[in-house]
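Here is the structure we will look at.
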Amino acid sequence: MAERGIDKQEEKKSYGSVFLIGIALLVVLTGWSFWDDNITRRPWKAMQARFYHLDYGKAKAAYDEENKKLQADAAYQELSKKLAAAQASLSGGALGQKLASLEKQESAATVRFNDIDQEVKNIKSELEEAWYEHDHAVQQKRNVKPYLERIKELDKEKEKLDPELEKARQKRELIKEEIKTIRNSAKEIEIELGKLAAERDKWVRVMENVTLKLGPFSFYKIPKIEQVSLDEFDRNNFDQPVARVDRCQTCHLAINRPGFEKEANPFKTHPKREIFLGDNAHPPGKFGCTGCHEGQGVAVNSAKHAHGEVHLWEFPLLRGAKSQSSCTSCHLDVQKFETEAPLLAQGQRLFEQIGCTGCHLVKGYENLPKIAPSLRKISAKVDPSWMVRWIENPHKFRPRARMPNFDLKQDDAVAIAAFLWSLAKEEGDKWAQEHPLPAGFREGNAGQVAKGKKLVETIGCKGCHGLAEGEFSTPLGKEKDLVPNLKDIASKTSAQWTYHWIRNPRGYSPDTNMPSLRLTDDEAMAMTNYLMTLGAKPEAMAGIEEKLADAKNIKRGETLVRRWGCYGCHEIKGLEKESRIGAELTTFGSKPKEELFFGNRTDIKETWDDWTYNKLKTPRIYATERIEQLMPQFNLADDDIKALRVLLGGFRERKVGQRYQADQGLRVQQVVDGRRIMQQYNCVGCHEIEKRGGFIRKYYKENPNLAPPVLNGQGEKVQSNWFFNFLKAPIPIRPWLEARMPTFGLSDEHANQLVSYFNGLAKVDIPYAYVDDKKIPQEHLEAARVLVSKDYFNCFSCHQQGERKPEGPVEGWAPDLALARQRLNPKWIIKWLQDPQKVEPGTKMPSFYPGGPDNILGGKDDRQIEALRDYLMSIGRGAPAAVTAEVAKAKPARR
Amino acid sequence: MNKFGFLFLSAALVTLPVRGMAAYEGGDVKDGGSISGAVKFKGSAPAPKKLDVSKDKEVCAKTSKTDPSLIVNGGNLVNAVVTITDIKKGKKIELKKVTLDQNGCEYKPHVLAFPAGTTVEILNPDGILHNVHSYSKVNSPFNQAQPKFKKTLNVKIEKPEAIELKCDVHGWMQGWLVATESPYFAVTDSSGNFKLTDVPAGSYTVEVWHEKLGKSSQKVTVKAKEEAKVTFEVAGK
Ligand SMILES: [Cu+2]
């Protein structure tokens, strides 16, 4: 029996294997934890190592390339040889020997200088002593003469030594100088060489940047997180500013470095880097990446996490063009980014102009006018059968119409027409009675039709309207027209309405954007006659009159109009104040996908992007048996849907910190507001503004001189008070143009907004000019009179001056210079005369400068130009103001 | 693709762009031949259109003017420009000053050809204002006033291009500056004939250009010291 408490067998048992296993396990675990901590969970480290490798390799290759060039460069080679020779000579050659002997001479010279210096110092102290003795004698009233003699003696000695000391000093300096020159000879060559090799040696710095030197060894740098902290960029749920941390550049290491454009991500350079990441744009050190691109900026454990493409992260990465959505967070004016953010600019134009705001409220877009015509007197305008078919499906008649398709049954369309008809009947009938066709009108008269066709084609109608299949001026996206195409106009309306409409659009509809072209009765009759040849009268629907008068239809129609929200876009009597029927979209861009209703669709990927795309493509796609969807079909092109989606993505109501915001001052606001007015009246149909538009110019390719003027920089050119009056009541400035600047009947507010818009674009500080005739030097006027005369610039060979008209055909004329005083900005005149082609490329106005005549104002171009400006500003004195009686006649817009 | 095909293709890829970019190289030409002939106008010749001189009549209406943009003489086309388009080596380019005269409010000659890099001296002996407005696309366009006191104006045309000139003061004034790449160019004379001399022996593409009728070309082989005869036929539009 074994002893109590002691088990012999136990004692003999070996735990070696257990310990071994334990140790092995510990080692493995330690290894694993190290591996996990440094590699598995920190993939960015490997990424950075890869980048350093790439960066080093590229720099090395570039270095070798530059080095090869230098080796082939004769100048560099020669200089290198010179340097080597100089260095060799210094370290043992002729120069070295010379240096050694010079150094010896220098020490000898120094000894000599010090000796004399010491002597001089000795004399100086002896002098001090002598003066002391002298003063002492004076105080004791002794004889001072011997002392004075001693002083004199010492002074003489010093005087003798001083020049010697100076000589010794100079000799020493000379030798020193020589030594310096010899030593520097090599240094200077080195500097020259450095300059030649700068292109090569900068790559050395790049290589050094990614490496770590340890004695003779060199390693790649130790990876580290690259982090940008955007203080007060975001706001938390309590509306307090909080910082945003952004570590994207831990992997995107070359985002702001040129030379990586062709690498694959994450090592690629940002596209158009200088434009987007430049110091005046969004330097990544200040804005980070997520400011525009979203994603989960702090995450570095995987690309998926960092890009925010994980469950419950609300702001996944915005790749490529999608990042344009973010511009609106900080920029008020995004239309100016036509080249930088084209989708956003396009999306915003579409959103504002196709009628989205008729149904949807969005902050910043609340006050846009209703885009569609008023229906107050619709019964006087359209054919009833046409109207029913139009309501049923507008795209059947005009595929490029802005009005969407509500996909109505004919019964419903009849009911809606009946309701609208009943509202309009009284006012419409009255208008029709008061506006009969003039007695002289002969429908189908060939002469009138021909005359009308010519007028319609030349007077400016085509600046807005197309007249044939596929013809349009201002595009609205890819497949929509901003203004109706008139190719089938006769099947829609009557000669009577057309005549009065084109003569005075606001007489029928006081708020219309359609301007008056100041037509005479004859012109309006001819044009009406031509327009009535476009398209055929539609087949009347059976019993249409009775159906429209049917009380049941009218009642049902009202319900339908309310249901479909027709008043969002049209003015309908009695329903002017109804509110929008669609959902508010102010924060639509930040809606998480969980809040989006996908109906029973399982074939659509559950992302915000996919939901939105499909909604715009097929608006009722998410409808189910129980839940109906009202949004009508716009039939937008894919590109337009994507553009709209970019804009919608930016509806986030983000409160980005002040310091990150772009200028949102009054000027910018004025440009944004004015541009909307400009777009509302479609000024870009005829005029190029902000380098966009002038769409009518395509009809003037043969003779661009006959096209309406380009208005880039208009704010700088004209005086604001003149411009305001001109917009209110245009007068012909270029009598050779057949196209007429229409009278829009702008309200004071709208005209003012337009003036501010152009001034804002041109950054005009003082929009007024005052000419003080007394301050104009007589000398200038006299000189300018000679300059404009026939023997010199002969200005009035082309320019009109009041009643004085130029010779020759009117298309060769140029604007009336008598208008300059009121119309033109004096500063602009200077710029214009200096180089007209620079201000307006392609202008007929030739350059007279440089090269003014030598015999006027001392032949100085600048002074001649100033004299011409003074003269131009003085000749229009007493010219009638631009405002004519027409202002009083034109009814202002109510909006 | 077999190995040789691949080699051939890559060789073509390497050489093609280089050949396309090669510029003209001038030198001595020994035993050169020449190309001469006429440009025939196919179709019925239009009647010369009288120009309406509506301005500065005392100077401009001294002579009556006809539209110079299409002149046919004895069935031959005047003012067409003949060039060798694919010549890479030949006689030296001599950059001489050439003159364009506006005497009587007309560009004389109506078509002025010269090698690119030439300075054109534009004269205004009329004593009234003209302006020289170029509608160039390759060269930078200019629009220079030439008042009475500026009797001459110099413009250098750097790159090959046919440039239309207009005077905005006198709507009828219109002409052409044709800058060529090589020194082998000729403007057909008043009877529609042309001659190119000192052409090294070889086969070339000869092109005729007319402002109204456009371009057409044909292959011409030149033998040493011999004259190659060519006739172009250009159809009226
Ligand atoms: Cu002229």
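Ligands are numbered from 1 in the order shown, chains are lettered A, B, ... in the order of the structure tokens, and residues start at 1 in each chain.
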
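Close contacts of Ile116 in chain A, defined as residues with an atom at most 10 Å away when counting only C-alpha atoms, with chain neighbours fewer than 3 positions off set aside, comprise A:Val111, A:Arg112, A:Phe113, A:Glu119, A:Val120, A:Lys121, A:Asn122, A:Leu161, A:Asp162, A:Glu164, A:Leu165, A:Glu166, A:Ala168, A:Arg169.
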
Written selection (C-alpha atoms) as a PDB file, in the first residue's frame:
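In the end it all went to result-v7.pdb:
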```pdb
ATOM      1  CA  VAL A 111      51.955  87.053 -36.955  1.00  0.00           C
ATOM      2  CA  ARG A 112      53.218  90.285 -38.459  1.00  0.00           C
ATOM      3  CA  PHE A 113      49.863  91.982 -37.964  1.00  0.00           C
ATOM      4  CA  GLU A 119      53.163  97.441 -30.305  1.00  0.00           C
ATOM      5  CA  VAL A 120      50.412  99.923 -31.005  1.00  0.00           C
ATOM      6  CA  LYS A 121      48.536  98.710 -27.958  1.00  0.00           C
ATOM      7  CA  ASN A 122      51.659  99.176 -25.854  1.00  0.00           C
ATOM      8  CA  LEU A 161      52.970 102.669 -36.605  1.00  0.00           C
ATOM      9  CA  ASP A 162      49.337 103.196 -37.696  1.00  0.00           C
ATOM     10  CA  GLU A 164      52.104  99.959 -40.955  1.00  0.00           C
ATOM     11  CA  LEU A 165      49.367  98.234 -39.036  1.00  0.00           C
ATOM     12  CA  GLU A 166      46.853  99.031 -41.756  1.00  0.00           C
ATOM     13  CA  ALA A 168      49.695  94.433 -42.488  1.00  0.00           C
ATOM     14  CA  ARG A 169      45.956  94.119 -42.071  1.00  0.00           C
TER      15      ARG A 169
END
```

Task: At most 10 Å to chain A: residues in chain B, only C-alpha atoms, as an MDAnalysis selection string - done: chainID B and resid 52:57 127:135 141:150 166:171

Task: Among the residues B:Thr152, B:Thr118, B:Thr85, B:Gln174, the one that comes closest to ligand 1 [using only C-alpha atoms and all ligand atoms] - done: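 For ligand 1, the nearest of the candidates is B:Gln174.
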
Task: Residue contacts of Ala536 in chain A (8 Å, only C-alpha atoms) excluding same-chain residues fewer than 4 positions away, as a list in words - done: Asp488, Ala490 and Ser491 of chain A

Task: Pick from B:Lys137, B:Lys97, B:Lys108, B:Lys49 nearest to Lys156 in chain B, counting only C-alpha atoms - done: B:Lys97

Task: helix (DSSP H, G or I) per DSSP on the backbone: members of range 822-872 of chain A, as a PyMOL selection string - done: chain A and resi 822-823+826-834+836-839+857-859+861-872

- [ ] Just the strand (DSSP E or B) stuff from range 176-352 of chain A, please, per backbone DSSP, written as a count of residues only.
- [x] 22

Open item on the list: So that I can see what lies close to range 161-165 of chain B, please list as a list of chain:residue names the residues with an atom at most 9 Å from it, counting only C-alpha atoms and leaving out residues fewer than 4 positions away in the same chain.
Closed with: B:Tyr107, B:Ala113, B:Ala116, B:Val132, B:His133, B:Ser134, B:Tyr135, B:Ser136, B:Lys137, B:Val138, B:Asn139, B:Ile157, B:Met173, B:Gln174, B:Gly175, B:Trp176, B:Leu177, B:Val178, B:Ala179, B:Thr180, B:Glu181, B:Glu211

Task: Spatial neighbours of Val204 in chain A, max dist 9 Å, only C-alpha atoms, sep filter under 4 positions, as a PyMOL selection string - done: chain A and resi 59-60+63+200+208-209

Could you write those residues out with all heavy atoms, as a compact mmCIF listing (two decimals), in the first residue's frame?
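The result, written out as again_37.txt:
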```txt
# COMPACT_ATOMS: atom_id res chain seq x y z
N ALA A 59 10.02 56.78 -58.39
CA ALA A 59 11.01 57.83 -58.20
C ALA A 59 12.36 57.36 -58.74
O ALA A 59 13.08 58.11 -59.40
CB ALA A 59 11.11 58.21 -56.73
N LYS A 60 12.66 56.10 -58.47
CA LYS A 60 13.94 55.55 -58.92
C LYS A 60 13.99 55.57 -60.46
O LYS A 60 14.99 55.98 -61.05
CB LYS A 60 14.08 54.12 -58.40
CG LYS A 60 15.39 53.44 -58.77
CD LYS A 60 16.48 53.86 -57.80
CE LYS A 60 17.83 53.19 -58.04
NZ LYS A 60 18.39 53.28 -59.35
N TYR A 63 14.41 59.00 -61.59
CA TYR A 63 15.78 59.43 -61.31
C TYR A 63 16.71 58.90 -62.40
O TYR A 63 17.52 59.64 -62.96
CB TYR A 63 16.21 58.91 -59.94
CG TYR A 63 17.64 59.24 -59.60
CD1 TYR A 63 17.97 60.43 -58.95
CD2 TYR A 63 18.67 58.37 -59.94
CE1 TYR A 63 19.28 60.74 -58.65
CE2 TYR A 63 19.99 58.67 -59.66
CZ TYR A 63 20.29 59.86 -59.01
OH TYR A 63 21.60 60.18 -58.74
N ARG A 200 16.69 65.92 -61.58
CA ARG A 200 17.03 64.56 -61.18
C ARG A 200 16.99 64.44 -59.66
O ARG A 200 16.39 63.53 -59.11
CB ARG A 200 18.42 64.19 -61.69
CG ARG A 200 18.86 62.80 -61.30
CD ARG A 200 20.34 62.59 -61.54
NE ARG A 200 21.14 63.43 -60.65
CZ ARG A 200 22.47 63.50 -60.72
NH1 ARG A 200 23.12 62.82 -61.65
NH2 ARG A 200 23.13 64.26 -59.90
N GLU A 208 13.96 59.46 -50.43
CA GLU A 208 14.29 59.59 -49.00
C GLU A 208 13.03 59.66 -48.15
O GLU A 208 13.02 59.20 -47.01
CB GLU A 208 15.14 60.84 -48.78
CG GLU A 208 16.60 60.63 -49.12
CD GLU A 208 17.39 61.93 -49.11
OE1 GLU A 208 16.78 63.00 -48.83
OE2 GLU A 208 18.59 61.87 -49.40
N ASN A 209 12.00 60.23 -48.75
CA ASN A 209 10.74 60.41 -48.02
C ASN A 209 10.09 59.10 -47.61
O ASN A 209 9.34 59.06 -46.64
CB ASN A 209 9.76 61.17 -48.90
CG ASN A 209 9.47 62.52 -48.33
OD1 ASN A 209 9.71 62.75 -47.14
ND2 ASN A 209 8.97 63.42 -49.14
```

Open item on the list: Using only C-alpha atoms, which protein or nucleic acid residues come within 10 Å of Leu95 in chain B? Drop anything in the same chain fewer than 3 positions from it, and give the result as an MDAnalysis selection string.
Closed with: chainID B and resid 92 98 114:119 183

- [ ] Show which residues sit within 8 Å of Ser385 in chain A, as a VMD selection string. Count only C-alpha atoms, and ignore same-chain residues fewer than 3 positions away.
- [x] chain A and resid 388 to 389 538 to 541 544

Go ahead and write the residues just picked, N, CA, C and O atoms, as a PDB file, in the first residue's frame.
```pdb
ATOM      1  N   VAL A 388     -58.818  67.155 -74.648  1.00  0.00           N
ATOM      2  CA  VAL A 388     -59.066  65.857 -74.002  1.00  0.00           C
ATOM      3  C   VAL A 388     -57.916  64.904 -74.305  1.00  0.00           C
ATOM      4  O   VAL A 388     -57.357  64.256 -73.408  1.00  0.00           O
ATOM      5  N   ARG A 389     -57.511  64.871 -75.572  1.00  0.00           N
ATOM      6  CA  ARG A 389     -56.432  63.944 -75.957  1.00  0.00           C
ATOM      7  C   ARG A 389     -55.104  64.341 -75.292  1.00  0.00           C
ATOM      8  O   ARG A 389     -54.305  63.499 -74.896  1.00  0.00           O
ATOM      9  N   PRO A 538     -57.817  68.835 -85.685  1.00  0.00           N
ATOM     10  CA  PRO A 538     -58.029  67.449 -85.248  1.00  0.00           C
ATOM     11  C   PRO A 538     -59.469  67.007 -85.498  1.00  0.00           C
ATOM     12  O   PRO A 538     -60.371  67.836 -85.612  1.00  0.00           O
ATOM     13  N   GLU A 539     -59.613  65.728 -85.564  1.00  0.00           N
ATOM     14  CA  GLU A 539     -60.942  65.151 -85.721  1.00  0.00           C
ATOM     15  C   GLU A 539     -61.715  65.406 -84.428  1.00  0.00           C
ATOM     16  O   GLU A 539     -61.192  65.156 -83.334  1.00  0.00           O
ATOM     17  N   ALA A 540     -62.918  65.908 -84.537  1.00  0.00           N
ATOM     18  CA  ALA A 540     -63.686  66.210 -83.330  1.00  0.00           C
ATOM     19  C   ALA A 540     -64.172  64.913 -82.697  1.00  0.00           C
ATOM     20  O   ALA A 540     -64.535  63.963 -83.383  1.00  0.00           O
ATOM     21  N   MET A 541     -64.166  64.873 -81.357  1.00  0.00           N
ATOM     22  CA  MET A 541     -64.683  63.697 -80.666  1.00  0.00           C
ATOM     23  C   MET A 541     -66.206  63.796 -80.656  1.00  0.00           C
ATOM     24  O   MET A 541     -66.765  64.878 -80.504  1.00  0.00           O
ATOM     25  N   ILE A 544     -68.564  65.966 -78.030  1.00  0.00           N
ATOM     26  CA  ILE A 544     -67.623  66.558 -77.084  1.00  0.00           C
ATOM     27  C   ILE A 544     -68.227  67.749 -76.345  1.00  0.00           C
ATOM     28  O   ILE A 544     -68.034  67.924 -75.140  1.00  0.00           O
TER      29      ILE A 544
END
```

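Straight-line separation from CA of Gln834 in chain A to CA of Gln800 in chain A: 21.0 Å.
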
TODO: Tell me which of B:Val59, B:Leu196, B:Ile84, B:Ile93 sits closest to ligand 1, counting only C-alpha atoms and all ligand atoms.
DONE: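 Counting only C-alpha atoms and all ligand atoms, the residue closest to ligand 1 is B:Val59.
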
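Residue nearest ligand 1 within the list B:Val155, B:Ala47, B:Ala235, B:Cys105: B:Cys105 [criterion: smallest interatomic distance, only C-alpha atoms and all ligand atoms].
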